[in-house]
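Visitor: entry.pdb is reproduced in full below (PDB, C-alpha atoms).
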```
ATOM      1  CA  MET G 531       0.000   0.000   0.000
ATOM      2  CA  ILE G 532       2.937   2.345   0.612
ATOM      3  CA  ASP G 533       3.844   2.154  -3.080
ATOM      4  CA  GLN G 534       0.292   3.155  -4.031
ATOM      5  CA  ILE G 535       0.449   6.130  -1.656
ATOM      6  CA  LEU G 536       3.838   7.182  -3.080
ATOM      7  CA  LYS G 537       2.457   6.974  -6.630
ATOM      8  CA  GLY G 538      -0.624   8.976  -5.618
ATOM      9  CA  MET G 539       1.555  11.693  -4.072
ATOM     10  CA  ALA G 540       3.844  11.775  -7.125
ATOM     11  CA  GLU G 541       0.853  12.137  -9.458
ATOM     12  CA  LYS G 542      -0.406  15.121  -7.472
ATOM     13  CA  LEU G 543       3.039  16.801  -7.424
ATOM     14  CA  LYS G 544       3.363  16.543 -11.228
ATOM     15  CA  ILE G 545       1.118  19.607 -11.388
ATOM     16  CA  PHE G 546       4.255  21.699 -10.717
ATOM     17  CA  GLY G 547       5.946  20.304 -13.850
ATOM     18  CA  LEU G 548       9.072  19.261 -11.927
ATOM     19  CA  PRO G 549      10.748  15.861 -11.588
ATOM     20  CA  VAL G 550       9.526  13.772  -8.641
ATOM     21  CA  TYR G 551      11.871  11.209  -7.098
ATOM     22  CA  LEU G 552      10.777   8.460  -4.720
ATOM     23  CA  ARG G 553      12.782   7.112  -1.770
ATOM     24  CA  GLU G 554      16.156   8.541  -2.775
ATOM     25  CA  VAL G 555      17.974  11.778  -2.148
ATOM     26  CA  LYS G 556      20.777  12.608  -4.531
ATOM     27  CA  GLU G 557      23.825  14.532  -3.411
ATOM     28  CA  GLU G 558      24.485  17.945  -4.964
ATOM     29  CA  GLN G 559      21.024  18.450  -6.456
ATOM     30  CA  LYS G 560      21.332  21.100  -9.172
ATOM     31  CA  THR G 561      17.797  21.249 -10.595
ATOM     32  CA  SER G 562      14.486  22.049  -9.018
ATOM     33  CA  CYS G 563      12.653  18.856  -8.002
ATOM     34  CA  PHE G 564      10.663  16.995  -5.353
ATOM     35  CA  PHE G 565      11.736  13.998  -3.254
ATOM     36  CA  ILE G 566       9.141  11.860  -1.478
ATOM     37  CA  LEU G 567      10.466   9.848   1.444
ATOM     38  CA  PRO G 568       8.494   7.377   3.591
ATOM     39  CA  LEU G 569       9.343   8.090   7.238
ATOM     40  CA  ALA G 570       7.400   5.657   9.426
ATOM     41  CA  SER G 571       4.591   3.114   9.301
ATOM     42  CA  SER G 572       2.537   1.499  12.022
ATOM     43  CA  ALA G 573      -0.473  -0.785  12.370
ATOM     44  CA  GLU G 574      -2.893  -0.899  15.274
ATOM     45  CA  LYS G 575      -5.253  -3.858  15.743
ATOM     46  CA  MET G 576      -8.856  -2.839  16.132
ATOM     47  CA  ILE G 577     -12.022  -4.888  16.692
ATOM     48  CA  GLY G 578     -12.172  -8.167  14.772
ATOM     49  CA  ASN G 579      -9.901  -8.306  11.755
ATOM     50  CA  ARG G 580      -9.654  -4.528  11.290
ATOM     51  CA  TYR G 581      -6.364  -2.630  11.460
ATOM     52  CA  ARG G 582      -5.663   1.098  11.528
ATOM     53  CA  LEU G 583      -2.629   1.739   9.323
ATOM     54  CA  ASN G 584      -0.585   4.928   9.795
ATOM     55  CA  HIS G 585       1.988   6.084   7.226
ATOM     56  CA  SER G 586       4.158   9.208   7.576
ATOM     57  CA  PHE G 587       5.912  10.866   4.636
ATOM     58  CA  GLU G 588       8.241  13.765   3.968
ATOM     59  CA  VAL G 589       8.241  15.744   0.735
ATOM     60  CA  GLN G 590      11.366  17.774   0.056
ATOM     61  CA  TYR G 591      11.245  20.602  -2.472
ATOM     62  CA  TYR G 592      14.528  21.845  -3.887
ATOM     63  CA  PRO G 593      14.038  25.260  -5.520
ATOM     64  CA  PRO G 594      16.213  26.259  -8.477
ATOM     65  CA  ILE G 595      19.739  27.199  -7.388
ATOM     66  CA  GLU G 596      19.349  30.810  -8.550
ATOM     67  CA  GLU G 597      16.187  31.128  -6.410
ATOM     68  CA  ALA G 598      17.527  29.378  -3.307
ATOM     69  CA  ASN G 599      17.083  32.473  -1.147
ATOM     70  CA  VAL G 600      13.583  33.239  -2.433
ATOM     71  CA  PRO G 601      10.790  32.215  -0.022
ATOM     72  CA  VAL G 602       8.802  29.169  -1.087
ATOM     73  CA  GLU G 603       5.415  30.367   0.200
ATOM     74  CA  SER G 604       3.688  29.733  -3.127
ATOM     75  CA  VAL G 605       4.823  26.088  -3.118
ATOM     76  CA  GLU G 606       4.012  25.780   0.579
ATOM     77  CA  THR G 607       0.458  27.049   0.148
ATOM     78  CA  SER G 608      -0.161  24.870  -2.903
ATOM     79  CA  ILE G 609       1.307  21.674  -1.470
ATOM     80  CA  PHE G 610      -0.989  21.766   1.564
ATOM     81  CA  GLU G 611      -3.997  21.878  -0.742
ATOM     82  CA  ILE G 612      -2.666  19.435  -3.345
ATOM     83  CA  LEU G 613      -1.701  16.680  -0.897
ATOM     84  CA  SER G 614      -4.740  16.995   1.378
ATOM     85  CA  TYR G 615      -6.391  14.198  -0.670
ATOM     86  CA  ILE G 616      -4.616  11.626  -2.838
ATOM     87  CA  SER G 617      -5.673   8.555  -4.780
ATOM     88  CA  ALA G 618      -4.067   5.300  -3.675
ATOM     89  CA  GLY G 619      -5.259   2.549  -5.971
ATOM     90  CA  GLU G 620      -9.043   2.892  -6.000
ATOM     91  CA  ASP G 621      -9.176   4.665  -2.632
ATOM     92  CA  LEU G 622      -9.201   8.375  -1.822
ATOM     93  CA  ILE G 623      -7.074   9.068   1.279
ATOM     94  CA  HIS G 624      -7.069  12.223   3.406
ATOM     95  CA  GLY G 625      -3.751  13.675   4.591
ATOM     96  CA  THR G 626      -3.478  14.559   8.281
ATOM     97  CA  LYS G 627      -0.890  16.142  10.601
ATOM     98  CA  MET G 628       0.422  18.331   7.788
ATOM     99  CA  SER G 629       3.325  20.603   8.659
ATOM    100  CA  SER G 630       6.217  22.286   6.899
ATOM    101  CA  LYS G 631       9.490  24.049   7.476
ATOM    102  CA  SER G 632      12.329  25.468   5.437
ATOM    103  CA  LEU G 633      15.926  24.521   6.265
ATOM    104  CA  ASN G 634      19.054  25.540   4.337
ATOM    105  CA  GLY G 635      17.044  26.556   1.272
ATOM    106  CA  VAL G 636      15.129  23.250   1.126
ATOM    107  CA  PHE G 637      11.403  23.125   1.829
ATOM    108  CA  HIS G 638      10.275  20.136   3.962
ATOM    109  CA  PHE G 639       6.616  19.114   4.040
ATOM    110  CA  TYR G 640       5.320  16.364   6.367
ATOM    111  CA  VAL G 641       2.030  14.493   6.016
ATOM    112  CA  ASP G 642       0.409  11.353   7.444
ATOM    113  CA  TYR G 643      -2.024   9.124   5.587
ATOM    114  CA  ASN G 644      -4.097   6.955   7.923
ATOM    115  CA  PHE G 645      -6.751   4.441   6.952
ATOM    116  CA  TYR G 646      -8.385   1.192   7.994
ATOM    117  CA  SER G 647      -7.675  -2.181   6.478
ATOM    118  CA  TYR G 648      -9.486  -5.468   6.838
ATOM    119  CA  LYS G 649      -7.537  -8.698   6.999
ATOM    120  CA  GLU G 650      -9.563 -11.655   5.839
ATOM    121  CA  ALA G 651      -9.552 -14.575   8.240
ATOM    122  CA  GLU G 652      -8.130 -17.801   6.911
ATOM    123  CA  LYS G 653     -10.897 -20.224   6.099
ATOM    124  CA  GLU G 654     -10.563 -23.548   7.791
ATOM    125  CA  SER G 655     -11.363 -26.524   5.642
ATOM    126  CA  ALA G 656     -14.432 -28.477   6.617
ATOM    127  CA  MET G 657     -14.174 -32.140   7.485
ATOM    128  CA  GLU G 658     -14.259 -34.125   4.279
ATOM    129  CA  TYR G 659     -15.558 -37.485   5.485
ATOM    130  CA  ALA G 660     -16.628 -38.880   8.797
ATOM    131  CA  ASP G 661     -17.176 -42.570   9.551
ATOM    132  CA  VAL G 662     -19.835 -42.961  12.215
ATOM    133  CA  LYS G 663     -20.675 -46.275  13.841
ATOM    134  CA  ASN G 664     -23.653 -46.465  16.070
ATOM    135  CA  GLY G 665     -25.318 -49.197  18.007
ATOM    136  CA  LEU G 666     -25.273 -50.816  21.417
ATOM    137  CA  LYS G 667     -22.142 -52.034  22.986
ATOM    138  CA  GLU G 668     -22.280 -55.773  23.722
ATOM    139  CA  GLU G 669     -21.075 -56.984  27.060
TER     140      GLU G 669
END
```
As structure tokens, how would this structure be written, given the file I've shared?

Guide:
Amino acid sequence: MIDQILKGMAEKLKIFGLPVYLREVKEEQKTSCFFILPLASSAEKMIGNRYRLNHSFEVQYYPPIEEANVPVESVETSIFEILSYISAGEDLIHGTKMSSKSLNGVFHFYVDYNFYSYKEAEKESAMEYADVKNGLKEE
């Protein structure tokens, strides 16, 4: 499911017309781009076979080198709106705990995607054949 979430996030970020890289950060980045990094995942057992799955991600935006000192407010405002809902497979998932900060000219955006999953119970096979003998026991 993490791969589907990553693909959904990447699809949404393509609106900026910049390259989007998944799970890798390259040294000495010279062009403007986005990196999407999975940070943490957890699963919490609920009633029955239901699980609450929590996935945290970081999106890093590298502005063009010549604009490194320019504030990234326009990207910041847009990214909150763009990543508030993503498609993961056939599901629409809402982003929560969104936050951002700018460090050393790189914009960092954090978002969690939480949802419920149902794990199907393994079906036990029924008895195929039973041999039953009945009657009175002779003494």

Visitor: So, with all atoms listed in the file as the atoms that count, which of G:Lys542, G:Lys663, G:Lys631, G:His585 lies closest to Ile609 of chain G?

Guide: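 The closest residue to Ile609 of chain G is G:Lys542.
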
Visitor: Can you give me, as number ranges by chain, the residues this file yields under the PyMOL selection byres ((chain G and resi 548) around 12)?

Guide: G: 540-547, 549-551, 561-565, 591-594, 605

Visitor: Selected residues, C-alpha atoms, written as a PDB file, in the frame of the given file, please.

Guide:
```
ATOM      1  CA  ALA G 540       3.844  11.775  -7.125  1.00  0.00           C
ATOM      2  CA  GLU G 541       0.853  12.137  -9.458  1.00  0.00           C
ATOM      3  CA  LYS G 542      -0.406  15.121  -7.472  1.00  0.00           C
ATOM      4  CA  LEU G 543       3.039  16.801  -7.424  1.00  0.00           C
ATOM      5  CA  LYS G 544       3.363  16.543 -11.228  1.00  0.00           C
ATOM      6  CA  ILE G 545       1.118  19.607 -11.388  1.00  0.00           C
ATOM      7  CA  PHE G 546       4.255  21.699 -10.717  1.00  0.00           C
ATOM      8  CA  GLY G 547       5.946  20.304 -13.850  1.00  0.00           C
ATOM      9  CA  PRO G 549      10.748  15.861 -11.588  1.00  0.00           C
ATOM     10  CA  VAL G 550       9.526  13.772  -8.641  1.00  0.00           C
ATOM     11  CA  TYR G 551      11.871  11.209  -7.098  1.00  0.00           C
ATOM     12  CA  THR G 561      17.797  21.249 -10.595  1.00  0.00           C
ATOM     13  CA  SER G 562      14.486  22.049  -9.018  1.00  0.00           C
ATOM     14  CA  CYS G 563      12.653  18.856  -8.002  1.00  0.00           C
ATOM     15  CA  PHE G 564      10.663  16.995  -5.353  1.00  0.00           C
ATOM     16  CA  PHE G 565      11.736  13.998  -3.254  1.00  0.00           C
ATOM     17  CA  TYR G 591      11.245  20.602  -2.472  1.00  0.00           C
ATOM     18  CA  TYR G 592      14.528  21.845  -3.887  1.00  0.00           C
ATOM     19  CA  PRO G 593      14.038  25.260  -5.520  1.00  0.00           C
ATOM     20  CA  PRO G 594      16.213  26.259  -8.477  1.00  0.00           C
ATOM     21  CA  VAL G 605       4.823  26.088  -3.118  1.00  0.00           C
TER      22      VAL G 605
END
```

Visitor: For the file shown, report as a list in words the outcome of the PyMOL selection byres ((chain G and resi 577) around 12) at residue level.

Guide: Glu574, Lys575, Met576, Gly578, Asn579, Arg580, Tyr581, Arg582, Tyr646, Ser647, Tyr648 and Lys649 of chain G

Visitor: Write out, as a PDB file, keeping the file's coordinate frame, the residues just selected, with C-alpha atoms.

Guide:
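Here's the written file part22.pdb:
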```pdb
ATOM      1  CA  GLU G 574      -2.893  -0.899  15.274  1.00  0.00           C
ATOM      2  CA  LYS G 575      -5.253  -3.858  15.743  1.00  0.00           C
ATOM      3  CA  MET G 576      -8.856  -2.839  16.132  1.00  0.00           C
ATOM      4  CA  GLY G 578     -12.172  -8.167  14.772  1.00  0.00           C
ATOM      5  CA  ASN G 579      -9.901  -8.306  11.755  1.00  0.00           C
ATOM      6  CA  ARG G 580      -9.654  -4.528  11.290  1.00  0.00           C
ATOM      7  CA  TYR G 581      -6.364  -2.630  11.460  1.00  0.00           C
ATOM      8  CA  ARG G 582      -5.663   1.098  11.528  1.00  0.00           C
ATOM      9  CA  TYR G 646      -8.385   1.192   7.994  1.00  0.00           C
ATOM     10  CA  SER G 647      -7.675  -2.181   6.478  1.00  0.00           C
ATOM     11  CA  TYR G 648      -9.486  -5.468   6.838  1.00  0.00           C
ATOM     12  CA  LYS G 649      -7.537  -8.698   6.999  1.00  0.00           C
TER      13      LYS G 649
END
```

Visitor: Do you know which residues lie at most 12 Å from (-3.9, 13.9, 2.4), with coordinates as in the file and all atoms listed in the file counted, and could you write them as number ranges by chain?

Guide: G: 535-536, 538-539, 542, 585-587, 609-618, 621-629, 639-645

Visitor: Could you state the separation of atom CA of Met531 of chain G and atom CA of Gly619 of chain G in Å, given to one decimal place?

Guide: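 Between atom CA of Met531 of chain G and atom CA of Gly619 of chain G the gap is 8.4 Å.
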
Visitor: Using only C-alpha atoms, find all polymer residues with an atom at most 7 Å away from the point (7.8, 7.4, 1.6); report them as a compact mmCIF listing (two decimals) with C-alpha atoms, in the frame of the given file.

Guide:
```txt
# COMPACT_ATOMS: atom_id res chain seq x y z
CA LEU G 536 3.84 7.18 -3.08
CA ARG G 553 12.78 7.11 -1.77
CA ILE G 566 9.14 11.86 -1.48
CA LEU G 567 10.47 9.85 1.44
CA PRO G 568 8.49 7.38 3.59
CA LEU G 569 9.34 8.09 7.24
CA PHE G 587 5.91 10.87 4.64
CA GLU G 588 8.24 13.76 3.97
```

Visitor: Output as a short mmCIF file (atom, residue, chain, number, x, y, z; two decimals), in the coordinates of the input: segment 554-585 of chain G, completed with N, CA and C atoms.

Guide:
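Okay, this is what ended up in part32.cif:
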```cif
data_model
loop_
_atom_site.label_atom_id
_atom_site.label_comp_id
_atom_site.auth_asym_id
_atom_site.auth_seq_id
_atom_site.Cartn_x
_atom_site.Cartn_y
_atom_site.Cartn_z
N GLU G 554 14.72 8.32 -2.66
CA GLU G 554 16.16 8.54 -2.78
C GLU G 554 16.46 10.03 -2.80
N VAL G 555 17.52 10.39 -2.15
CA VAL G 555 17.97 11.78 -2.15
C VAL G 555 19.35 11.79 -2.78
N LYS G 556 19.49 12.56 -3.84
CA LYS G 556 20.78 12.61 -4.53
C LYS G 556 21.62 13.75 -3.98
N GLU G 557 22.89 13.51 -3.87
CA GLU G 557 23.82 14.53 -3.41
C GLU G 557 23.95 15.62 -4.48
N GLU G 558 24.21 16.84 -4.05
CA GLU G 558 24.48 17.94 -4.96
C GLU G 558 23.38 18.12 -6.00
N GLN G 559 22.15 18.24 -5.55
CA GLN G 559 21.02 18.45 -6.46
C GLN G 559 21.14 19.82 -7.12
N LYS G 560 21.12 19.84 -8.46
CA LYS G 560 21.33 21.10 -9.17
C LYS G 560 20.06 21.62 -9.84
N THR G 561 19.03 20.80 -9.97
CA THR G 561 17.80 21.25 -10.60
C THR G 561 16.67 21.24 -9.58
N SER G 562 15.65 21.99 -9.89
CA SER G 562 14.49 22.05 -9.02
C SER G 562 13.71 20.73 -9.14
N CYS G 563 13.35 20.14 -7.98
CA CYS G 563 12.65 18.86 -8.00
C CYS G 563 12.01 18.58 -6.64
N PHE G 564 11.26 17.48 -6.59
CA PHE G 564 10.66 17.00 -5.35
C PHE G 564 11.22 15.61 -5.03
N PHE G 565 11.41 15.33 -3.75
CA PHE G 565 11.74 14.00 -3.25
C PHE G 565 10.63 13.59 -2.29
N ILE G 566 10.14 12.38 -2.42
CA ILE G 566 9.14 11.86 -1.48
C ILE G 566 9.78 10.71 -0.71
N LEU G 567 9.82 10.85 0.60
CA LEU G 567 10.47 9.85 1.44
C LEU G 567 9.48 9.28 2.47
N PRO G 568 9.29 7.95 2.51
CA PRO G 568 8.49 7.38 3.59
C PRO G 568 9.28 7.47 4.89
N LEU G 569 8.65 7.93 5.96
CA LEU G 569 9.34 8.09 7.24
C LEU G 569 9.04 6.95 8.20
N ALA G 570 7.77 6.67 8.43
CA ALA G 570 7.40 5.66 9.43
C ALA G 570 6.05 5.05 9.06
N SER G 571 5.86 3.81 9.49
CA SER G 571 4.59 3.11 9.30
C SER G 571 4.26 2.37 10.58
N SER G 572 2.96 2.28 10.86
CA SER G 572 2.54 1.50 12.02
C SER G 572 1.16 0.91 11.75
N ALA G 573 0.84 -0.14 12.49
CA ALA G 573 -0.47 -0.78 12.37
C ALA G 573 -1.00 -1.03 13.78
N GLU G 574 -2.26 -0.72 13.98
CA GLU G 574 -2.89 -0.90 15.27
C GLU G 574 -4.10 -1.81 15.09
N LYS G 575 -4.14 -2.91 15.84
CA LYS G 575 -5.25 -3.86 15.74
C LYS G 575 -6.49 -3.24 16.37
N MET G 576 -7.58 -3.35 15.65
CA MET G 576 -8.86 -2.84 16.13
C MET G 576 -9.78 -4.04 16.39
N ILE G 577 -11.05 -3.82 16.44
CA ILE G 577 -12.02 -4.89 16.69
C ILE G 577 -12.06 -5.86 15.51
N GLY G 578 -12.09 -7.15 15.82
CA GLY G 578 -12.17 -8.17 14.77
C GLY G 578 -10.89 -8.23 13.96
N ASN G 579 -11.05 -8.22 12.66
CA ASN G 579 -9.90 -8.31 11.76
C ASN G 579 -9.55 -6.96 11.14
N ARG G 580 -9.94 -5.87 11.79
CA ARG G 580 -9.65 -4.53 11.29
C ARG G 580 -8.35 -4.01 11.88
N TYR G 581 -7.62 -3.26 11.05
CA TYR G 581 -6.36 -2.63 11.46
C TYR G 581 -6.38 -1.17 11.04
N ARG G 582 -5.85 -0.31 11.89
CA ARG G 582 -5.66 1.10 11.53
C ARG G 582 -4.20 1.23 11.12
N LEU G 583 -3.97 1.59 9.86
CA LEU G 583 -2.63 1.74 9.32
C LEU G 583 -2.26 3.22 9.27
N ASN G 584 -1.08 3.55 9.75
CA ASN G 584 -0.58 4.93 9.80
C ASN G 584 0.72 5.00 9.00
N HIS G 585 0.79 5.92 8.05
CA HIS G 585 1.99 6.08 7.23
C HIS G 585 2.38 7.56 7.21
#
```
